[in-house]
Amino acid sequence: MMPLSLKEIDREIINLLSKRIAILNDSLPIQAESGDITQLLNQAGVPEFVWKSITISCAAAIASSTSFTPVKPRKVTIIGGNGKLGSFFSQQLSHAGHNISILEHNNWDEAPQLLGKAELVLVCVPIEYTISVIQQAAPYLKADTALADITSVKTPIVQELLKQHKGPVLSLHPMFGPGVQSFLSQNVIVCPGRQEQVFKWLLDLIESSGGKLIACTPEEHDRMMIAIQAIRHFTTFSLGVFLAEEGIDISRSLEFSSPLYRLEIDIVSRLFAQDPALSVDIMSAGIERRQAITRLVETYSRLAQLVENQDEAALKREFAATSSTFAQGANQAVAESNHIIDSLSLLLAAKVTQAQRTAPSLAKTTNPV
């Protein structure tokens, strides 16, 4: 019997995984794994966290494998549809069977046609342009055209949407950035405006693709974004600036690092690989965000002074007073972060193996005898 090729093995694995997903989908609640799995893994030389990653992926596939039911094709115009998030929405809506038109500043002469015939107009432009774009687009809209945006600031945007357009209005905020391939496990904030039922097909699409809709007022959204976006961006931005000013050799530091440090550096590097205007807008858009960042700096200064004074008792009191805030979600946080660490370790191990496999062949081609 001839040995199986990698391609044939991959085909068998994919077939088995599809069967596993089908069984999981038909037998909820999911049953616990049988007790002999660990022994089988040991015999096969497969690390247990690799198996856990596979089983978690199978369970997650159930949420993403829902087939779209036939839908009425809608005429959608995306303003800023060539941008990163605009392109994402264009792809998702097109895949679902809707007719997509893109409107950018360089083809604004087509605005009367593209906006006038649209059933949904989705504004996907940077924060600083959103209000002016809404103002420019509104005169071309029909009374029953649905108008929505995906901006990360809500109170002034919703007010402007309602002011400029008398028809259906909704404000969305996708809580993810460039690189996401689907709505699976992604949160999308929904701030109602007017005639929300008109947008049901759009919200159903997001949910059927595995997304989670979070309804809130524009005011609550903006309060939450102070911590979720402005503070987080500032701390990541500040750490990157500090490491650069300190002259830290980032590549060399990763050779010494724990997975958590590597993950932190990955987050910093990810931020600085993006459009600087986006991060600056997120940190500085609105006086509440700017004031919160100032308070954060004051907290840093106070804690740094305790460290400078070697006041260990005060630092421990700060630690104890703060830990209660995070106690409720601590177990989940440990489980999730452990999974991230294991997955990152698996990726790094695969990269090392791949490098070792390709190194000899490269040597032969670049250093012939």
# chains A, B, ... in the order shown; residues from 1 in each chain; ligands from 1
>>> select_by_dssp(residues="segment 121-276 of chain A", states="alpha helix (DSSP H)", output="PyMOL selection string")
chain A and resi 127-137+155-164+200-208+218-225+232-246+250-256+259-272+276
>>> residues_around(residues="Leu243 of chain A", least_positions_apart="4", cutoff="12 Å", atoms="only C-alpha atoms", output="ChimeraX atom specification")
/A:236-239,247-250,253,265,268-269
>>> residues_around(residues="Val297 of chain A", least_positions_apart="6", cutoff="10 Å", atoms="only C-alpha atoms", output="PyMOL selection string")
chain A and resi 234-235+291+303
>>> write_last_selection(atoms="N, CA and C atoms", output="PDB file, in the first residue's frame")
ATOM      1  N   PHE A 234      -4.293  55.310  23.827  1.00  0.00           N
ATOM      2  CA  PHE A 234      -3.266  56.175  24.409  1.00  0.00           C
ATOM      3  C   PHE A 234      -2.203  55.358  25.141  1.00  0.00           C
ATOM      4  N   THR A 235      -2.619  54.353  25.901  1.00  0.00           N
ATOM      5  CA  THR A 235      -1.635  53.542  26.615  1.00  0.00           C
ATOM      6  C   THR A 235      -0.740  52.775  25.644  1.00  0.00           C
ATOM      7  N   GLN A 291      -9.996  64.663  28.458  1.00  0.00           N
ATOM      8  CA  GLN A 291      -9.953  64.805  29.909  1.00  0.00           C
ATOM      9  C   GLN A 291      -9.649  63.470  30.586  1.00  0.00           C
ATOM     10  N   LEU A 303       1.224  56.797  40.777  1.00  0.00           N
ATOM     11  CA  LEU A 303       1.780  55.461  41.008  1.00  0.00           C
ATOM     12  C   LEU A 303       3.294  55.450  40.791  1.00  0.00           C
TER      13      LEU A 303
END
>>> closest_atom_pairs(of="segment 198-269 of chain A", to="segment 66-90 of chain A", cutoff="12 Å", atoms="only C-alpha atoms", output="JSON lines")
{"residue": "A:Val198", "atom": "CA", "partner": "A:Arg74", "partner_atom": "CA", "distance": 11.9}
{"residue": "A:Phe199", "atom": "CA", "partner": "A:Arg74", "partner_atom": "CA", "distance": 11.3}
{"residue": "A:Trp201", "atom": "CA", "partner": "A:Val71", "partner_atom": "CA", "distance": 8.5}
{"residue": "A:Leu202", "atom": "CA", "partner": "A:Arg74", "partner_atom": "CA", "distance": 9.9}
{"residue": "A:Asp204", "atom": "CA", "partner": "A:Phe68", "partner_atom": "CA", "distance": 10.2}
{"residue": "A:Leu205", "atom": "CA", "partner": "A:Phe68", "partner_atom": "CA", "distance": 8.3}
{"residue": "A:Ile206", "atom": "CA", "partner": "A:Phe89", "partner_atom": "CA", "distance": 10.2}
{"residue": "A:Glu207", "atom": "CA", "partner": "A:Thr66", "partner_atom": "CA", "distance": 10.2}
{"residue": "A:Ser208", "atom": "CA", "partner": "A:Thr66", "partner_atom": "CA", "distance": 6.7}
{"residue": "A:Ser209", "atom": "CA", "partner": "A:Thr66", "partner_atom": "CA", "distance": 7.1}
{"residue": "A:Gly210", "atom": "CA", "partner": "A:Thr66", "partner_atom": "CA", "distance": 8.4}
{"residue": "A:Gly211", "atom": "CA", "partner": "A:Thr66", "partner_atom": "CA", "distance": 11.9}
>>> atom_distance(atom1="atom CA of Leu203 of chain A", atom2="atom CA of Ala111 of chain A")
25.5 Å
>>> closest_atom_pairs(of="segment 283-319 of chain A", to="segment 138-154 of chain A", cutoff="12 Å", atoms="only C-alpha atoms", output="JSON lines")
{"residue": "A:Met283", "atom": "CA", "partner": "A:Ser152", "partner_atom": "CA", "distance": 11.0}
{"residue": "A:Ser284", "atom": "CA", "partner": "A:Val153", "partner_atom": "CA", "distance": 11.0}
{"residue": "A:Ala285", "atom": "CA", "partner": "A:Val153", "partner_atom": "CA", "distance": 7.7}
{"residue": "A:Gly286", "atom": "CA", "partner": "A:Val153", "partner_atom": "CA", "distance": 8.6}
{"residue": "A:Glu288", "atom": "CA", "partner": "A:Val153", "partner_atom": "CA", "distance": 11.5}
{"residue": "A:Arg289", "atom": "CA", "partner": "A:Val153", "partner_atom": "CA", "distance": 10.7}
>>> write_last_selection(atoms="C-alpha atoms", output="PDB file, in the first residue's frame")
ATOM      1  CA  MET A 283      -7.698  59.642  21.257  1.00  0.00           C
ATOM      2  CA  SER A 284      -8.640  63.279  20.749  1.00  0.00           C
ATOM      3  CA  ALA A 285     -12.215  63.262  19.401  1.00  0.00           C
ATOM      4  CA  GLY A 286     -14.252  64.951  22.134  1.00  0.00           C
ATOM      5  CA  GLU A 288     -14.407  63.797  27.462  1.00  0.00           C
ATOM      6  CA  ARG A 289     -11.741  61.608  25.866  1.00  0.00           C
TER       7      ARG A 289
END
>>> closest_residue(among="A:Ala44, A:Cys58, A:Phe176, A:Leu263", to="Leu16 of chain A", atoms="only C-alpha atoms")
A:Cys58
>>> residues_around(residues="Ile189 of chain A", least_positions_apart="2", cutoff="8 Å", atoms="only C-alpha atoms", output="MDAnalysis selection string")
chainID A and resid 172:175 187 191 213:216 221
>>> residues_around(residues="Asn338 of chain A", least_positions_apart="5", cutoff="12 Å", atoms="only C-alpha atoms", output="PDB file with C-alpha atoms, in the first residue's frame")
ATOM      1  CA  PHE A  49      -3.464  22.420  23.696  1.00  0.00           C
ATOM      2  CA  LYS A  52      -8.111  21.962  22.391  1.00  0.00           C
ATOM      3  CA  SER A  53      -7.512  24.484  19.629  1.00  0.00           C
ATOM      4  CA  PRO A 259       4.429  35.154  25.194  1.00  0.00           C
ATOM      5  CA  LEU A 260       2.602  37.943  27.052  1.00  0.00           C
ATOM      6  CA  LEU A 263       1.584  39.796  22.520  1.00  0.00           C
ATOM      7  CA  ASN A 331     -11.329  33.160  35.842  1.00  0.00           C
ATOM      8  CA  GLN A 332     -12.573  33.882  32.348  1.00  0.00           C
ATOM      9  CA  ALA A 333      -9.692  36.273  31.757  1.00  0.00           C
ATOM     10  CA  SER A 343      -2.270  29.572  20.244  1.00  0.00           C
ATOM     11  CA  LEU A 344       0.603  32.034  19.926  1.00  0.00           C
ATOM     12  CA  SER A 345       3.060  29.375  21.110  1.00  0.00           C
TER      13      SER A 345
END
>>> atom_distance(atom1="atom CA of Ser279 of chain A", atom2="atom CA of Glu128 of chain A")
12.0 Å
>>> atom_distance(atom1="atom CA of Gln92 of chain A", atom2="atom CA of Gln181 of chain A")
9.1 Å
>>> residues_around(residues="Arg20 of chain A", least_positions_apart="5", cutoff="12 Å", atoms="only C-alpha atoms", output="VMD selection string")
chain A and resid 13 to 15 25 to 27 30 54 to 62
>>> write_last_selection(atoms="N, CA and C atoms", output="PDB file, in the first residue's frame")
ATOM      1  N   ILE A  13      -8.380  14.784   6.782  1.00  0.00           N
ATOM      2  CA  ILE A  13      -8.561  15.583   7.993  1.00  0.00           C
ATOM      3  C   ILE A  13      -9.751  16.529   7.839  1.00  0.00           C
ATOM      4  N   ILE A  14      -9.825  17.201   6.688  1.00  0.00           N
ATOM      5  CA  ILE A  14     -10.929  18.135   6.447  1.00  0.00           C
ATOM      6  C   ILE A  14     -12.259  17.393   6.467  1.00  0.00           C
ATOM      7  N   ASN A  15     -12.281  16.217   5.881  1.00  0.00           N
ATOM      8  CA  ASN A  15     -13.510  15.423   5.871  1.00  0.00           C
ATOM      9  C   ASN A  15     -13.932  15.033   7.280  1.00  0.00           C
ATOM     10  N   ASN A  25     -23.168  20.158  15.793  1.00  0.00           N
ATOM     11  CA  ASN A  25     -24.315  20.988  15.422  1.00  0.00           C
ATOM     12  C   ASN A  25     -25.636  20.282  15.703  1.00  0.00           C
ATOM     13  N   ASP A  26     -25.635  18.948  15.631  1.00  0.00           N
ATOM     14  CA  ASP A  26     -26.869  18.173  15.819  1.00  0.00           C
ATOM     15  C   ASP A  26     -27.065  17.668  17.234  1.00  0.00           C
ATOM     16  N   SER A  27     -26.073  17.889  18.118  1.00  0.00           N
ATOM     17  CA  SER A  27     -26.160  17.278  19.455  1.00  0.00           C
ATOM     18  C   SER A  27     -25.872  18.282  20.545  1.00  0.00           C
ATOM     19  N   ILE A  30     -23.282  20.489  23.788  1.00  0.00           N
ATOM     20  CA  ILE A  30     -22.093  19.723  23.429  1.00  0.00           C
ATOM     21  C   ILE A  30     -21.645  18.856  24.597  1.00  0.00           C
ATOM     22  N   ILE A  54      -8.196  22.694  18.138  1.00  0.00           N
ATOM     23  CA  ILE A  54      -9.003  22.089  17.078  1.00  0.00           C
ATOM     24  C   ILE A  54     -10.467  21.992  17.500  1.00  0.00           C
ATOM     25  N   THR A  55     -10.707  21.525  18.730  1.00  0.00           N
ATOM     26  CA  THR A  55     -12.091  21.343  19.183  1.00  0.00           C
ATOM     27  C   THR A  55     -12.803  22.686  19.336  1.00  0.00           C
ATOM     28  N   ILE A  56     -12.082  23.693  19.817  1.00  0.00           N
ATOM     29  CA  ILE A  56     -12.683  25.026  19.928  1.00  0.00           C
ATOM     30  C   ILE A  56     -13.018  25.569  18.545  1.00  0.00           C
ATOM     31  N   SER A  57     -12.129  25.336  17.584  1.00  0.00           N
ATOM     32  CA  SER A  57     -12.377  25.800  16.219  1.00  0.00           C
ATOM     33  C   SER A  57     -13.592  25.114  15.610  1.00  0.00           C
ATOM     34  N   CYS A  58     -13.763  23.839  15.917  1.00  0.00           N
ATOM     35  CA  CYS A  58     -14.942  23.120  15.422  1.00  0.00           C
ATOM     36  C   CYS A  58     -16.226  23.714  15.995  1.00  0.00           C
ATOM     37  N   ALA A  59     -16.204  23.990  17.296  1.00  0.00           N
ATOM     38  CA  ALA A  59     -17.393  24.585  17.916  1.00  0.00           C
ATOM     39  C   ALA A  59     -17.683  25.958  17.331  1.00  0.00           C
ATOM     40  N   ALA A  60     -16.625  26.744  17.086  1.00  0.00           N
ATOM     41  CA  ALA A  60     -16.806  28.076  16.521  1.00  0.00           C
ATOM     42  C   ALA A  60     -17.322  28.013  15.094  1.00  0.00           C
ATOM     43  N   ALA A  61     -16.956  26.958  14.369  1.00  0.00           N
ATOM     44  CA  ALA A  61     -17.382  26.836  12.974  1.00  0.00           C
ATOM     45  C   ALA A  61     -18.892  26.739  12.843  1.00  0.00           C
ATOM     46  N   ILE A  62     -19.552  26.236  13.899  1.00  0.00           N
ATOM     47  CA  ILE A  62     -21.013  26.126  13.854  1.00  0.00           C
ATOM     48  C   ILE A  62     -21.634  27.500  13.677  1.00  0.00           C
TER      49      ILE A  62
END
>>> select_by_dssp(residues="segment 131-255 of chain A", states="strand (DSSP E)", output="list in words")
Ala146, Leu147, Ala148, Asp149, Val169, Leu170, Ser171, Leu172, His173, Pro174, Asn187, Val188, Ile189, Val190, Cys191, Pro192, Gly193, Arg194, Lys212, Leu213, Ile214 and Ala215 of chain A
